[in-house]
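**Q** Have a peek at upload13.cif (mmCIF, C-alpha atoms).
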```cif
data_entry
#
loop_
_atom_site.label_atom_id
_atom_site.label_comp_id
_atom_site.auth_asym_id
_atom_site.auth_seq_id
_atom_site.Cartn_x
_atom_site.Cartn_y
_atom_site.Cartn_z
CA MET A 166 -73.72 -85.35 -40.32
CA THR A 167 -75.85 -87.64 -42.43
CA LEU A 168 -79.60 -87.63 -43.00
CA SER A 169 -80.09 -90.56 -40.61
CA ASN A 170 -78.35 -88.74 -37.74
CA ILE A 171 -80.52 -85.66 -38.10
CA LEU A 172 -83.69 -87.73 -38.40
CA ILE A 173 -82.81 -89.65 -35.25
CA VAL A 174 -82.21 -86.39 -33.34
CA SER A 175 -85.55 -85.16 -34.64
CA ALA A 176 -87.28 -88.37 -33.54
CA VAL A 177 -85.76 -88.10 -30.04
CA ILE A 178 -86.99 -84.51 -29.69
CA PHE A 179 -90.41 -85.55 -30.97
CA VAL A 180 -90.63 -88.35 -28.40
CA ILE A 181 -89.58 -85.97 -25.61
CA GLY A 182 -92.35 -83.59 -26.69
CA LEU A 183 -94.85 -86.46 -26.89
CA LEU A 184 -93.93 -87.59 -23.38
CA GLY A 185 -94.37 -84.08 -22.03
CA THR A 186 -97.67 -83.60 -23.83
CA ILE A 187 -99.12 -86.78 -22.39
CA SER A 188 -97.69 -86.74 -18.90
CA LYS A 189 -97.69 -83.15 -17.64
CA LYS A 190 -100.41 -81.59 -15.54
CA SER A 191 -99.64 -77.96 -16.28
CA THR A 192 -101.10 -76.51 -19.45
CA VAL A 193 -98.10 -74.25 -20.06
CA LEU A 194 -95.76 -77.26 -20.06
CA VAL A 195 -98.07 -79.08 -22.47
CA ILE A 196 -97.85 -76.08 -24.82
CA MET A 197 -94.05 -76.07 -24.54
CA SER A 198 -93.93 -79.77 -25.39
CA MET A 199 -96.17 -79.17 -28.39
CA GLU A 200 -93.75 -76.49 -29.58
CA LEU A 201 -90.96 -79.07 -29.29
CA MET A 202 -92.94 -81.50 -31.46
CA PHE A 203 -93.59 -78.78 -34.06
CA ASN A 204 -89.90 -77.96 -34.22
CA ALA A 205 -88.85 -81.59 -34.47
CA ALA A 206 -91.10 -81.94 -37.52
CA ALA A 207 -89.68 -78.74 -39.02
CA LEU A 208 -86.14 -79.99 -38.43
CA SER A 209 -86.82 -83.19 -40.32
CA PHE A 210 -88.37 -81.17 -43.18
CA VAL A 211 -85.26 -78.99 -43.43
CA ALA A 212 -83.02 -82.07 -43.28
CA PHE A 213 -84.90 -83.67 -46.16
CA SER A 214 -84.57 -80.41 -48.08
CA ARG A 215 -80.81 -80.32 -47.46
CA PHE A 216 -80.23 -83.85 -48.69
CA ALA A 217 -82.67 -83.78 -51.61
CA PRO A 218 -81.04 -84.44 -54.99
CA GLY A 219 -80.53 -81.14 -56.69
CA GLY A 220 -77.29 -79.71 -57.94
CA LEU A 221 -77.14 -75.97 -58.39
CA LEU A 222 -80.45 -74.27 -57.71
CA GLY A 223 -82.35 -73.45 -60.88
CA VAL A 224 -85.88 -73.22 -62.17
CA GLU A 225 -86.20 -77.00 -62.36
CA SER A 226 -84.61 -77.97 -59.09
CA ALA A 227 -85.60 -75.14 -56.73
CA SER A 228 -89.12 -76.42 -56.21
CA ARG A 229 -87.89 -79.91 -55.37
CA VAL A 230 -85.02 -78.86 -53.14
CA LEU A 231 -86.58 -75.94 -51.27
CA SER A 232 -90.10 -77.25 -50.64
CA GLY A 233 -88.95 -78.57 -47.28
CA GLN A 234 -87.80 -75.12 -46.21
CA VAL A 235 -91.13 -73.63 -47.30
CA MET A 236 -92.89 -76.23 -45.15
CA ALA A 237 -90.64 -75.23 -42.23
CA ILE A 238 -91.71 -71.60 -42.67
CA PHE A 239 -95.37 -72.63 -42.60
CA ILE A 240 -94.77 -74.79 -39.52
CA ILE A 241 -93.16 -71.84 -37.74
CA ALA A 242 -96.12 -69.58 -38.64
CA ILE A 243 -98.67 -72.13 -37.46
CA GLY A 244 -96.67 -72.75 -34.27
CA ALA A 245 -96.61 -69.05 -33.44
CA ALA A 246 -100.36 -68.73 -34.05
CA GLU A 247 -101.03 -71.81 -31.93
CA ALA A 248 -98.85 -70.52 -29.08
CA ALA A 249 -100.61 -67.14 -28.99
CA LEU A 250 -104.08 -68.69 -29.03
CA ALA A 251 -103.28 -71.44 -26.52
CA LEU A 252 -101.63 -69.09 -24.04
CA SER A 253 -104.59 -66.72 -24.15
CA LEU A 254 -106.75 -69.77 -23.48
CA VAL A 255 -104.52 -70.64 -20.51
CA ILE A 256 -104.98 -67.17 -19.06
CA ALA A 257 -108.74 -67.41 -19.61
CA ILE A 258 -108.84 -70.77 -17.80
CA TYR A 259 -106.72 -69.38 -14.99
CA ARG A 260 -109.09 -66.44 -14.50
CA GLU A 261 -112.02 -68.83 -14.29
CA LYS A 262 -110.50 -71.63 -12.19
CA SER A 263 -107.43 -70.09 -10.46
CA SER A 264 -105.42 -73.08 -11.63
CA ILE A 265 -103.82 -74.20 -14.86
CA GLU A 266 -104.10 -77.94 -14.38
CA ILE A 267 -105.39 -79.51 -17.53
CA THR A 268 -108.06 -81.58 -15.79
CA ASN A 269 -109.80 -78.39 -14.67
CA SER A 270 -110.46 -77.19 -18.16
CA ILE A 271 -113.17 -79.65 -19.13
CA ASP A 272 -116.19 -77.36 -18.69
CA ILE A 273 -114.63 -74.23 -20.19
CA LYS A 274 -117.35 -73.95 -22.83
CA GLU A 275 -120.05 -72.89 -20.43
CA ALA A 276 -117.94 -70.15 -18.92
CA MET B 35 -64.48 -83.69 -39.10
CA PHE B 36 -65.15 -80.24 -37.69
CA ILE B 37 -68.79 -79.94 -38.79
CA ASP B 38 -69.50 -83.40 -37.36
CA ALA B 39 -68.11 -82.41 -33.97
CA ILE B 40 -70.26 -79.26 -33.99
CA PHE B 41 -73.27 -81.34 -35.02
CA TYR B 42 -72.85 -83.80 -32.15
CA LEU B 43 -72.29 -80.95 -29.68
CA VAL B 44 -75.46 -79.16 -30.82
CA SER B 45 -77.41 -82.44 -30.74
CA ILE B 46 -76.36 -83.17 -27.17
CA LEU B 47 -77.23 -79.60 -26.14
CA LEU B 48 -80.59 -79.83 -27.91
CA ILE B 49 -81.61 -83.14 -26.33
CA SER B 50 -80.42 -82.17 -22.84
CA ASN B 51 -82.21 -78.80 -22.99
CA SER B 52 -85.39 -80.52 -24.16
CA LEU B 53 -85.17 -82.99 -21.29
CA LEU B 54 -84.56 -80.16 -18.83
CA ILE B 55 -87.81 -78.53 -20.01
CA LEU B 56 -89.67 -81.56 -18.71
CA PHE B 57 -87.65 -82.27 -15.58
CA SER B 58 -86.81 -78.87 -14.11
CA LYS B 59 -88.67 -77.93 -10.96
CA ASN B 60 -89.77 -74.47 -12.02
CA VAL B 61 -91.95 -73.57 -15.00
CA TYR B 62 -90.08 -70.33 -15.53
CA ARG B 63 -86.83 -72.25 -15.88
CA SER B 64 -88.61 -74.52 -18.34
CA ALA B 65 -89.40 -71.45 -20.45
CA VAL B 66 -85.73 -70.43 -20.38
CA PHE B 67 -84.69 -73.95 -21.40
CA LEU B 68 -87.24 -73.78 -24.21
CA ALA B 69 -85.50 -70.63 -25.48
CA PHE B 70 -82.12 -72.41 -25.32
CA SER B 71 -83.48 -75.41 -27.15
CA MET B 72 -84.93 -73.15 -29.85
CA LEU B 73 -81.47 -71.58 -30.23
CA CYS B 74 -80.06 -75.07 -30.72
CA PHE B 75 -82.69 -75.68 -33.40
CA ALA B 76 -81.56 -72.48 -35.11
CA ALA B 77 -77.95 -73.68 -34.98
CA MET B 78 -79.10 -76.94 -36.61
CA TYR B 79 -80.77 -74.95 -39.39
CA PHE B 80 -77.60 -72.93 -39.95
CA MET B 81 -75.61 -76.15 -40.24
CA LEU B 82 -78.13 -77.50 -42.75
CA SER B 83 -77.47 -74.33 -44.83
CA ALA B 84 -81.00 -73.05 -44.28
CA GLU B 85 -79.99 -69.59 -43.10
CA PHE B 86 -83.37 -67.96 -43.63
CA ILE B 87 -85.16 -70.58 -41.56
CA GLY B 88 -82.56 -70.19 -38.80
CA VAL B 89 -83.02 -66.43 -38.64
CA ILE B 90 -86.81 -66.81 -38.66
CA GLN B 91 -86.51 -69.40 -35.90
CA ILE B 92 -84.52 -67.02 -33.72
CA LEU B 93 -86.88 -64.12 -34.42
CA VAL B 94 -90.13 -66.01 -33.89
CA TYR B 95 -89.36 -68.63 -31.27
CA VAL B 96 -86.55 -67.16 -29.18
CA GLY B 97 -87.81 -63.61 -29.56
CA ALA B 98 -91.57 -63.99 -29.46
CA VAL B 99 -92.88 -67.38 -28.37
CA SER B 100 -90.47 -67.89 -25.45
CA VAL B 101 -91.18 -64.38 -24.18
CA LEU B 102 -94.91 -65.03 -24.55
CA ILE B 103 -94.64 -68.28 -22.58
CA ALA B 104 -92.50 -66.62 -19.90
CA LEU B 105 -95.01 -63.78 -19.57
CA SER B 106 -97.93 -66.16 -19.26
CA VAL B 107 -95.99 -68.11 -16.61
CA MET B 108 -95.63 -64.84 -14.73
CA LEU B 109 -99.36 -64.12 -15.07
CA VAL B 110 -100.45 -67.43 -13.56
CA LYS B 111 -99.39 -67.85 -9.99
CA ASP B 112 -98.88 -71.51 -9.09
CA VAL B 113 -95.38 -71.76 -10.51
CA GLU B 114 -93.89 -74.13 -7.95
CA LYS B 115 -96.34 -76.99 -7.97
CA SER B 116 -97.22 -76.93 -11.65
CA THR B 117 -94.42 -79.18 -12.84
CA ASP B 118 -96.10 -82.31 -11.49
CA ASN B 119 -96.64 -85.33 -13.67
CA ASN B 120 -99.97 -87.06 -13.90
CA LYS B 121 -100.38 -90.80 -13.52
CA LEU B 122 -99.78 -91.43 -17.21
CA LEU B 123 -96.01 -90.85 -16.92
CA TYR B 124 -94.93 -94.49 -16.98
CA TYR B 125 -97.36 -95.49 -19.73
CA SER B 126 -96.32 -92.54 -21.84
CA SER B 127 -92.62 -93.28 -21.41
CA ILE B 128 -93.22 -96.88 -22.48
CA VAL B 129 -95.20 -95.72 -25.51
CA GLY B 130 -92.56 -93.12 -26.35
CA LEU B 131 -89.72 -95.63 -26.10
CA ILE B 132 -91.55 -98.09 -28.35
CA PHE B 133 -92.20 -95.31 -30.89
CA LEU B 134 -88.57 -94.18 -30.74
CA VAL B 135 -87.20 -97.70 -31.23
CA LEU B 136 -89.55 -98.35 -34.18
CA ILE B 137 -88.81 -95.08 -35.95
CA SER B 138 -85.04 -95.36 -35.35
CA PHE B 139 -85.12 -98.89 -36.78
CA PHE B 140 -86.91 -97.52 -39.86
CA ILE B 141 -84.53 -94.56 -40.25
CA VAL B 142 -81.37 -96.66 -39.93
CA ASN B 143 -82.51 -99.46 -42.21
CA PHE B 144 -84.17 -97.43 -44.94
CA ASN B 145 -82.08 -96.93 -48.07
CA TRP B 146 -82.15 -93.17 -48.50
CA ASP B 147 -79.86 -93.15 -51.58
CA ASP B 148 -82.22 -95.29 -53.64
CA PHE B 149 -85.09 -93.13 -52.45
CA SER B 150 -83.42 -89.93 -53.62
CA ASN B 151 -82.49 -91.50 -56.97
CA GLU B 152 -86.13 -92.50 -57.39
CA ILE B 153 -87.21 -88.91 -56.69
CA LEU B 154 -84.69 -87.71 -59.25
CA ASN B 155 -85.90 -90.13 -61.91
CA ASN B 156 -89.56 -89.27 -61.39
CA SER B 157 -89.16 -85.50 -61.45
CA ASN B 158 -89.14 -83.27 -64.49
CA CYS B 159 -85.44 -82.46 -64.33
CA LEU B 160 -84.30 -81.35 -67.75
CA LEU B 161 -80.94 -79.72 -67.15
CA SER B 162 -77.75 -81.64 -66.67
CA SER B 163 -77.05 -79.61 -63.53
CA CYS B 164 -79.75 -81.51 -61.63
CA GLY B 165 -77.30 -84.06 -60.25
CA ALA B 166 -77.83 -86.80 -57.74
CA ASP B 167 -75.76 -84.94 -55.18
CA PRO B 168 -77.45 -82.80 -52.54
CA GLY B 169 -78.50 -79.38 -53.72
CA ILE B 170 -75.97 -76.57 -53.69
CA LEU B 171 -77.91 -73.93 -51.82
CA ILE B 172 -76.50 -70.73 -53.25
CA GLU B 173 -78.94 -67.80 -53.05
CA SER B 174 -81.43 -70.08 -51.37
CA THR B 175 -83.32 -67.16 -49.79
CA ASN B 176 -83.87 -65.66 -53.23
CA TRP B 177 -85.29 -68.93 -54.56
CA LEU B 178 -87.33 -69.38 -51.39
CA GLY B 179 -89.04 -66.03 -51.97
CA LYS B 180 -89.74 -66.91 -55.59
CA LEU B 181 -91.13 -70.29 -54.57
CA ILE B 182 -93.40 -68.87 -51.87
CA THR B 183 -94.84 -66.23 -54.18
CA THR B 184 -95.48 -68.63 -57.05
CA ASP B 185 -96.03 -72.27 -56.13
CA PHE B 186 -97.12 -71.81 -52.53
CA MET B 187 -99.06 -68.55 -52.95
CA VAL B 188 -102.41 -69.90 -51.73
CA ALA B 189 -100.84 -71.61 -48.72
CA PHE B 190 -98.91 -68.46 -47.89
CA GLN B 191 -102.04 -66.31 -47.88
CA LEU B 192 -103.93 -68.94 -45.91
CA SER B 193 -101.22 -68.93 -43.25
CA GLY B 194 -101.63 -65.16 -43.01
CA LEU B 195 -105.36 -65.72 -42.57
CA ILE B 196 -104.64 -68.26 -39.80
CA LEU B 197 -102.43 -65.72 -38.01
CA LEU B 198 -105.20 -63.12 -38.24
CA ALA B 199 -107.78 -65.61 -36.95
CA SER B 200 -105.59 -66.60 -33.99
CA LEU B 201 -105.05 -62.93 -33.14
CA ILE B 202 -108.78 -62.22 -33.21
CA GLY B 203 -109.48 -65.40 -31.24
CA ALA B 204 -106.97 -64.54 -28.53
CA LEU B 205 -108.35 -61.04 -28.16
CA ALA B 206 -111.94 -62.30 -28.10
CA LEU B 207 -111.19 -64.87 -25.38
CA LEU B 208 -109.58 -62.32 -23.10
CA ARG B 209 -112.15 -59.59 -23.81
CA VAL B 210 -115.06 -61.77 -22.68
CA ARG B 211 -113.27 -62.52 -19.43
CA MET B 212 -112.64 -58.83 -18.77
CA ASN B 213 -116.34 -58.07 -19.18
CA ASN B 214 -117.16 -60.82 -16.70
CA ASP B 215 -114.66 -59.40 -14.22
CA SER B 216 -116.13 -55.91 -14.37
CA GLU B 217 -119.66 -57.08 -13.63
#
```
Represent the supplied structure as structure tokens.

**A**
Amino acid sequence: MTLSNILIVSAVIFVIGLLGTISKKSTVLVIMSMELMFNAAALSFVAFSRFAPGGLLGVESASRVLSGQVMAIFIIAIGAAEAALALSLVIAIYREKSSIEITNSIDIKEA
Amino acid sequence: MFIDAIFYLVSILLISNSLLILFSKNVYRSAVFLAFSMLCFAAMYFMLSAEFIGVIQILVYVGAVSVLIALSVMLVKDVEKSTDNNKLLYYSSIVGLIFLVLISFFIVNFNWDDFSNEILNNSNCLLSSCGADPGILIESTNWLGKLITTDFMVAFQLSGLILLASLIGALALLRVRMNNDSE
């Protein structure tokens, strides 16, 4: 388990999420793929934090070693906020259009 | 080694669950596979000795976001036909493969040891315990709390503000629709 292995796993998950975001018609699947991309980024942050040079955690080294984990916490918070807002938007679009295809949601602003 | 075997097992599970999100025929099953893939992410975090992040991942993603997605799949009705691809599938797979090959080439060929030594030389590390080895993450949750409440205080409060704004935004979107329905 080296840094390169984890980064490659993270890149594969990111590409899977990118593919789903571009190529799916359903809005719910696009949101799921975006969650995958968020988590791939958070995984690479945590991997960098694990393999950062540090030694025993102290006042000098905690900020350098653990900043990646703090970024992962922020990514999780932003991902949860984004999921709640986007799913409420999906339900709003579905009430207006009776469909959740992403091409139907172009004129949502006048509704 | 044992941890390597576990790592490869979790990686295979993670990638296959993520692919099954895209290629299963039912959106509800995709939500279940998303929950499994988030569990695999949490297992990754536990193996990277980031226990707090793993627990938060299970609480937020497996407990809240997957349930939210499953509930919204239940609320919208066209479950069967909504896993279709649009016509950008082939272009996006070509673009994704090119991106994956480029970034894997960079990851494999980059010299991470020199990079971490350079970080170590440029940081204000005064104690002799700040070695070049990876950090020994004892009491990492304790240090994480101290770090969030000192260095990242503004970002922490701003993320709380973002959560509040998304809550208000979600409620406002649905409230307007309910008024339109009752008219």

**Q** Considering all atoms listed in the file, state which residue in the set A:Ser232, A:Ala245, A:Leu172, A:Phe179 is at the smallest distance from Ser198 of chain A.

**A**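 Residue with the minimum atom-to-atom distance to Ser198 of chain A: A:Phe179.
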
**Q** Spell out the residues picked by the PyMOL selection byres ((chain A and resi 168) around 8) here, as JSON, numbers by chain.

**A** {"A": [166, 167, 169, 170, 171, 172, 212, 213, 216]}

**Q** Let me know the residues the PyMOL selection byres ((chain B and resi 82-98) around 8) catches in the file above, as a ChimeraX atom specification.

**A** /A:211-212,215,234,237-238,241,245 /B:69-70,72-73,75-81,99-102,171,174-175

**Q** Emit the selected residues as a PDB file, in the frame of the given file, including C-alpha atoms.

**A**
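So the final result, stored in result-v2.pdb, reads:
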```
ATOM      1  CA  VAL A 211     -85.260 -78.990 -43.430  1.00  0.00           C
ATOM      2  CA  ALA A 212     -83.020 -82.070 -43.280  1.00  0.00           C
ATOM      3  CA  ARG A 215     -80.810 -80.320 -47.460  1.00  0.00           C
ATOM      4  CA  GLN A 234     -87.800 -75.120 -46.210  1.00  0.00           C
ATOM      5  CA  ALA A 237     -90.640 -75.230 -42.230  1.00  0.00           C
ATOM      6  CA  ILE A 238     -91.710 -71.600 -42.670  1.00  0.00           C
ATOM      7  CA  ILE A 241     -93.160 -71.840 -37.740  1.00  0.00           C
ATOM      8  CA  ALA A 245     -96.610 -69.050 -33.440  1.00  0.00           C
TER       9      ALA A 245
ATOM     10  CA  ALA B  69     -85.500 -70.630 -25.480  1.00  0.00           C
ATOM     11  CA  PHE B  70     -82.120 -72.410 -25.320  1.00  0.00           C
ATOM     12  CA  MET B  72     -84.930 -73.150 -29.850  1.00  0.00           C
ATOM     13  CA  LEU B  73     -81.470 -71.580 -30.230  1.00  0.00           C
ATOM     14  CA  PHE B  75     -82.690 -75.680 -33.400  1.00  0.00           C
ATOM     15  CA  ALA B  76     -81.560 -72.480 -35.110  1.00  0.00           C
ATOM     16  CA  ALA B  77     -77.950 -73.680 -34.980  1.00  0.00           C
ATOM     17  CA  MET B  78     -79.100 -76.940 -36.610  1.00  0.00           C
ATOM     18  CA  TYR B  79     -80.770 -74.950 -39.390  1.00  0.00           C
ATOM     19  CA  PHE B  80     -77.600 -72.930 -39.950  1.00  0.00           C
ATOM     20  CA  MET B  81     -75.610 -76.150 -40.240  1.00  0.00           C
ATOM     21  CA  VAL B  99     -92.880 -67.380 -28.370  1.00  0.00           C
ATOM     22  CA  SER B 100     -90.470 -67.890 -25.450  1.00  0.00           C
ATOM     23  CA  VAL B 101     -91.180 -64.380 -24.180  1.00  0.00           C
ATOM     24  CA  LEU B 102     -94.910 -65.030 -24.550  1.00  0.00           C
ATOM     25  CA  LEU B 171     -77.910 -73.930 -51.820  1.00  0.00           C
ATOM     26  CA  SER B 174     -81.430 -70.080 -51.370  1.00  0.00           C
ATOM     27  CA  THR B 175     -83.320 -67.160 -49.790  1.00  0.00           C
TER      28      THR B 175
END
```

**Q** Nearest to Ile196 of chain A among A:Ala249, A:Ile240, A:Val235, A:Ala257, with distances taken over all atoms listed in the file: which residue is it?

**A** A:Ala249

**Q** For a quick check of understanding, using only C-alpha atoms, which of B:Ala206, B:Val142, B:Leu47, B:Leu195 has the smallest distance to chain A?

**A** B:Val142

**Q** Separation of atom CA of Ser193 of chain B and atom CA of Ala205 of chain A, in Å?

**A** 19.8 Å

**Q** For segment 217-262 of chain A versus segment 144-153 of chain B, which residues have an atom no more than 10 Å away, and what is each residue's nearest atom pair and distance in Å rounded to one decimal, using only C-alpha atoms, chain-then-number order, as JSON lines?

**A**
```
{"residue": "A:Ala217", "atom": "CA", "partner": "B:Ser150", "partner_atom": "CA", "distance": 6.5}
{"residue": "A:Pro218", "atom": "CA", "partner": "B:Ser150", "partner_atom": "CA", "distance": 6.1}
{"residue": "A:Gly219", "atom": "CA", "partner": "B:Ser150", "partner_atom": "CA", "distance": 9.7}
{"residue": "A:Arg229", "atom": "CA", "partner": "B:Ile153", "partner_atom": "CA", "distance": 9.1}
```

**Q** Would you pick out the contacts of Ile103 of chain B at 12 Å or less, using all atoms listed in the file, so that residues sharing its chain but fewer than 4 positions from it are not included, and give the list as a ChimeraX atom specification?

**A** /A:192-198,200,245,247-253,255-256 /B:61-69,95-99,107-110

**Q** Point out the residue among B:Leu122, B:Ile128, B:Met187, B:Val44 with the least atom-to-atom distance to chain A, counting all atoms listed in the file.

**A**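 Among the listed residues, B:Leu122 lies closest to chain A.
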
**Q** Quick one: distance from atom CA of Leu43 of chain B to atom CA of Gly244 of chain A in Å, one decimal?

**A**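 Interatomic distance, atom CA of Leu43 of chain B to atom CA of Gly244 of chain A: 26.1 Å.
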
**Q** Looking at all atoms listed in the file, which of A:Ile267, A:Lys189, A:Phe239, A:Gly233 is the one that sits closest to Ile196 of chain B?

**A** A:Phe239
